[in-house]
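See structure below.
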Amino acid sequence: MPTTNPVAIVRDLADIYACGADRLDKDLWRQVLAENCLIDGPGFYNEGIDGCLELIDTLEKIFLRTRHNVMNVTARREGAEIVAETYCIADHIQMIDGEKKILSWHIRYQDRLSKNRGRWQFTRRHLIIDWEEIRTLSRDDVTA
């Protein structure tokens, strides 16, 4: 039986979203994003399912690999919606000054979800970067 616990619902969708980002898998994102979804953050604003799926292409162009680690989730129901905050540390491997480096973002997503065709989906993910750091990659043999 599906859970009605808003924290568990958000956590499940956030984990699928993270996997989709790391695997560059648009089908995973289609499971968790509503047709009218909006994802925005510093320097970007993507609206509608097709616009949001373009973010997968952006990840592939900019980074060699990513790893999104979902952490704290707080959530509550507000009428027919779930309003949540989801913490994430997103590590992005990219070439910086000719070396592979890790760009680490410490993120808080301000999430809104609604039920569509009997399934909960994100309608809004507002990405806030609390801080970022760049680290040297300890192994240089990381591949895509």
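Identifiers in the structure tokens: chain A, B, ... in order shown; residue index from 1 per chain; ligand index from 1 in order shown.
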- prompt: Got a sec to tell me which of chain A DSSP assigns to strand (DSSP E), as a PyMOL selection string?
  reply: chain A and resi 33-41+44-47+65-78+81-96+99-116+119-136
Chain A: which residues are alpha helix (DSSP H) by DSSP, as an mmCIF file with N, CA and C atoms, in the first residue's frame?
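Writing the result to states-v4.cif gives the following:
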data_model
loop_
_atom_site.group_PDB
_atom_site.id
_atom_site.type_symbol
_atom_site.label_atom_id
_atom_site.label_comp_id
_atom_site.auth_asym_id
_atom_site.auth_seq_id
_atom_site.Cartn_x
_atom_site.Cartn_y
_atom_site.Cartn_z
ATOM 1 N N PRO A 6 4.040 12.440 4.141
ATOM 2 C CA PRO A 6 4.616 13.388 3.186
ATOM 3 C C PRO A 6 6.145 13.348 3.124
ATOM 4 N N VAL A 7 6.817 13.122 4.247
ATOM 5 C CA VAL A 7 8.284 13.042 4.225
ATOM 6 C C VAL A 7 8.739 11.853 3.383
ATOM 7 N N ALA A 8 8.113 10.704 3.554
ATOM 8 C CA ALA A 8 8.474 9.514 2.779
ATOM 9 C C ALA A 8 8.191 9.713 1.289
ATOM 10 N N ILE A 9 7.099 10.384 0.976
ATOM 11 C CA ILE A 9 6.758 10.641 -0.430
ATOM 12 C C ILE A 9 7.825 11.518 -1.075
ATOM 13 N N VAL A 10 8.174 12.609 -0.407
ATOM 14 C CA VAL A 10 9.178 13.530 -0.948
ATOM 15 C C VAL A 10 10.526 12.840 -1.044
ATOM 16 N N ARG A 11 10.904 12.107 -0.018
ATOM 17 C CA ARG A 11 12.212 11.425 -0.025
ATOM 18 C C ARG A 11 12.314 10.462 -1.199
ATOM 19 N N ASP A 12 11.256 9.682 -1.449
ATOM 20 C CA ASP A 12 11.254 8.737 -2.555
ATOM 21 C C ASP A 12 11.426 9.466 -3.895
ATOM 22 N N LEU A 13 10.679 10.531 -4.102
ATOM 23 C CA LEU A 13 10.779 11.274 -5.356
ATOM 24 C C LEU A 13 12.138 11.957 -5.490
ATOM 25 N N ALA A 14 12.657 12.497 -4.400
ATOM 26 C CA ALA A 14 13.966 13.156 -4.438
ATOM 27 C C ALA A 14 15.077 12.156 -4.775
ATOM 28 N N ASP A 15 14.977 10.934 -4.247
ATOM 29 C CA ASP A 15 15.965 9.904 -4.573
ATOM 30 C C ASP A 15 15.915 9.536 -6.057
ATOM 31 N N ILE A 16 14.710 9.403 -6.599
ATOM 32 C CA ILE A 16 14.569 9.093 -8.024
ATOM 33 C C ILE A 16 15.104 10.245 -8.871
ATOM 34 N N TYR A 17 14.787 11.465 -8.479
ATOM 35 C CA TYR A 17 15.293 12.655 -9.169
ATOM 36 C C TYR A 17 16.825 12.662 -9.180
ATOM 37 N N ALA A 18 17.440 12.381 -8.022
ATOM 38 C CA ALA A 18 18.907 12.352 -7.917
ATOM 39 C C ALA A 18 19.493 11.288 -8.828
ATOM 40 N N CYS A 19 18.904 10.104 -8.828
ATOM 41 C CA CYS A 19 19.377 9.032 -9.726
ATOM 42 C C CYS A 19 19.275 9.468 -11.177
ATOM 43 N N GLY A 20 18.156 10.091 -11.532
ATOM 44 C CA GLY A 20 17.975 10.559 -12.899
ATOM 45 C C GLY A 20 19.040 11.554 -13.308
ATOM 46 N N ALA A 21 19.372 12.472 -12.400
ATOM 47 C CA ALA A 21 20.425 13.452 -12.687
ATOM 48 C C ALA A 21 21.764 12.755 -12.876
ATOM 49 N N ASP A 22 22.107 11.846 -11.972
ATOM 50 C CA ASP A 22 23.417 11.190 -12.026
ATOM 51 C C ASP A 22 23.552 10.227 -13.202
ATOM 52 N N ARG A 23 22.459 9.631 -13.619
ATOM 53 C CA ARG A 23 22.477 8.681 -14.746
ATOM 54 C C ARG A 23 22.109 9.345 -16.069
ATOM 55 N N LYS A 26 16.361 10.776 -18.471
ATOM 56 C CA LYS A 26 15.161 11.602 -18.551
ATOM 57 C C LYS A 26 13.898 10.823 -18.188
ATOM 58 N N ASP A 27 13.892 9.514 -18.428
ATOM 59 C CA ASP A 27 12.712 8.718 -18.080
ATOM 60 C C ASP A 27 12.473 8.714 -16.567
ATOM 61 N N LEU A 28 13.548 8.689 -15.780
ATOM 62 C CA LEU A 28 13.378 8.772 -14.328
ATOM 63 C C LEU A 28 12.775 10.118 -13.941
ATOM 64 N N TRP A 29 13.249 11.182 -14.558
ATOM 65 C CA TRP A 29 12.692 12.503 -14.246
ATOM 66 C C TRP A 29 11.236 12.601 -14.680
ATOM 67 N N ARG A 30 10.873 11.967 -15.791
ATOM 68 C CA ARG A 30 9.473 11.992 -16.240
ATOM 69 C C ARG A 30 8.547 11.362 -15.190
ATOM 70 N N GLN A 31 9.065 10.418 -14.423
ATOM 71 C CA GLN A 31 8.261 9.790 -13.376
ATOM 72 C C GLN A 31 7.928 10.768 -12.251
ATOM 73 N N VAL A 32 8.841 11.679 -11.965
ATOM 74 C CA VAL A 32 8.700 12.500 -10.757
ATOM 75 C C VAL A 32 8.373 13.967 -11.017
ATOM 76 N N GLY A 48 7.880 23.751 -17.484
ATOM 77 C CA GLY A 48 7.266 22.700 -18.285
ATOM 78 C C GLY A 48 8.172 21.484 -18.344
ATOM 79 N N ILE A 49 7.589 20.332 -18.589
ATOM 80 C CA ILE A 49 8.372 19.092 -18.559
ATOM 81 C C ILE A 49 9.531 19.119 -19.556
ATOM 82 N N ASP A 50 9.297 19.597 -20.781
ATOM 83 C CA ASP A 50 10.379 19.618 -21.772
ATOM 84 C C ASP A 50 11.491 20.570 -21.362
ATOM 85 N N GLY A 51 11.124 21.722 -20.828
ATOM 86 C CA GLY A 51 12.134 22.672 -20.359
ATOM 87 C C GLY A 51 12.947 22.112 -19.203
ATOM 88 N N CYS A 52 12.275 21.413 -18.295
ATOM 89 C CA CYS A 52 12.987 20.826 -17.149
ATOM 90 C C CYS A 52 13.895 19.681 -17.585
ATOM 91 N N LEU A 53 13.446 18.892 -18.543
ATOM 92 C CA LEU A 53 14.284 17.788 -19.019
ATOM 93 C C LEU A 53 15.544 18.292 -19.719
ATOM 94 N N GLU A 54 15.515 19.519 -20.236
ATOM 95 C CA GLU A 54 16.723 20.100 -20.831
ATOM 96 C C GLU A 54 17.859 20.219 -19.816
ATOM 97 N N LEU A 55 17.514 20.262 -18.531
ATOM 98 C CA LEU A 55 18.556 20.330 -17.501
ATOM 99 C C LEU A 55 19.448 19.090 -17.519
ATOM 100 N N ILE A 56 18.895 17.949 -17.904
ATOM 101 C CA ILE A 56 19.710 16.729 -18.043
ATOM 102 C C ILE A 56 20.775 16.952 -19.110
ATOM 103 N N ASP A 57 20.384 17.552 -20.241
ATOM 104 C CA ASP A 57 21.349 17.850 -21.305
ATOM 105 C C ASP A 57 22.420 18.809 -20.817
ATOM 106 N N THR A 58 22.009 19.787 -20.012
ATOM 107 C CA THR A 58 22.968 20.750 -19.460
ATOM 108 C C THR A 58 23.974 20.049 -18.544
ATOM 109 N N LEU A 59 23.481 19.153 -17.683
ATOM 110 C CA LEU A 59 24.397 18.399 -16.810
ATOM 111 C C LEU A 59 25.429 17.635 -17.642
ATOM 112 N N GLU A 60 24.966 17.002 -18.720
ATOM 113 C CA GLU A 60 25.871 16.205 -19.559
ATOM 114 C C GLU A 60 26.919 17.071 -20.250
ATOM 115 N N LYS A 61 26.535 18.279 -20.637
ATOM 116 C CA LYS A 61 27.470 19.177 -21.335
ATOM 117 C C LYS A 61 28.519 19.761 -20.393
ATOM 118 N N ILE A 62 28.114 20.082 -19.173
ATOM 119 C CA ILE A 62 28.998 20.825 -18.269
ATOM 120 C C ILE A 62 29.895 19.918 -17.424
#
message: Here is a test: counting only C-alpha atoms, which residue of A:Leu113, A:Ile128, A:Ala75, A:Leu137 is nearest to Asp91 of chain A?
response: A:Leu137
task: Using only C-alpha atoms, find the one residue out of A:Trp120, A:Phe63, A:Tyr87, A:Phe44 that sits nearest to Ile102 of chain A.
output: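 Among the listed residues, A:Phe63 lies closest to Ile102 of chain A.
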statement: note - atom CA of Arg119 of chain A and atom CA of Met71 of chain A are separated by 22.4 Å
field: Pick from A:His106, A:Asn69, A:Phe122, A:Ala84, whichever lies nearest to Glu35 of chain A using only C-alpha atoms
entry: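 Looking at the shortest contact to Glu35 of chain A, the residue is A:Phe122.
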message: Neighbouring residues of Val83 of chain A were defined as those with any atom within 9 Å, considering only C-alpha atoms; residues of the same chain fewer than 5 positions away were excluded. Please report them as a list in words.
response: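 Surrounding residues, per the criterion: Pro6, Thr74, Ala75, Arg76, Arg77, Glu78, Gln110, Asp111, Arg112 and Leu113 of chain A.
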field: Minimum-distance residue to Lys115 of chain A, chosen among A:Leu24, A:Leu33, A:Ile134, A:Leu38 (using only C-alpha atoms)
entry: A:Leu33
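Atom CA of Arg108 of chain A lies 20.3 Å from atom CA of Asn5 of chain A.
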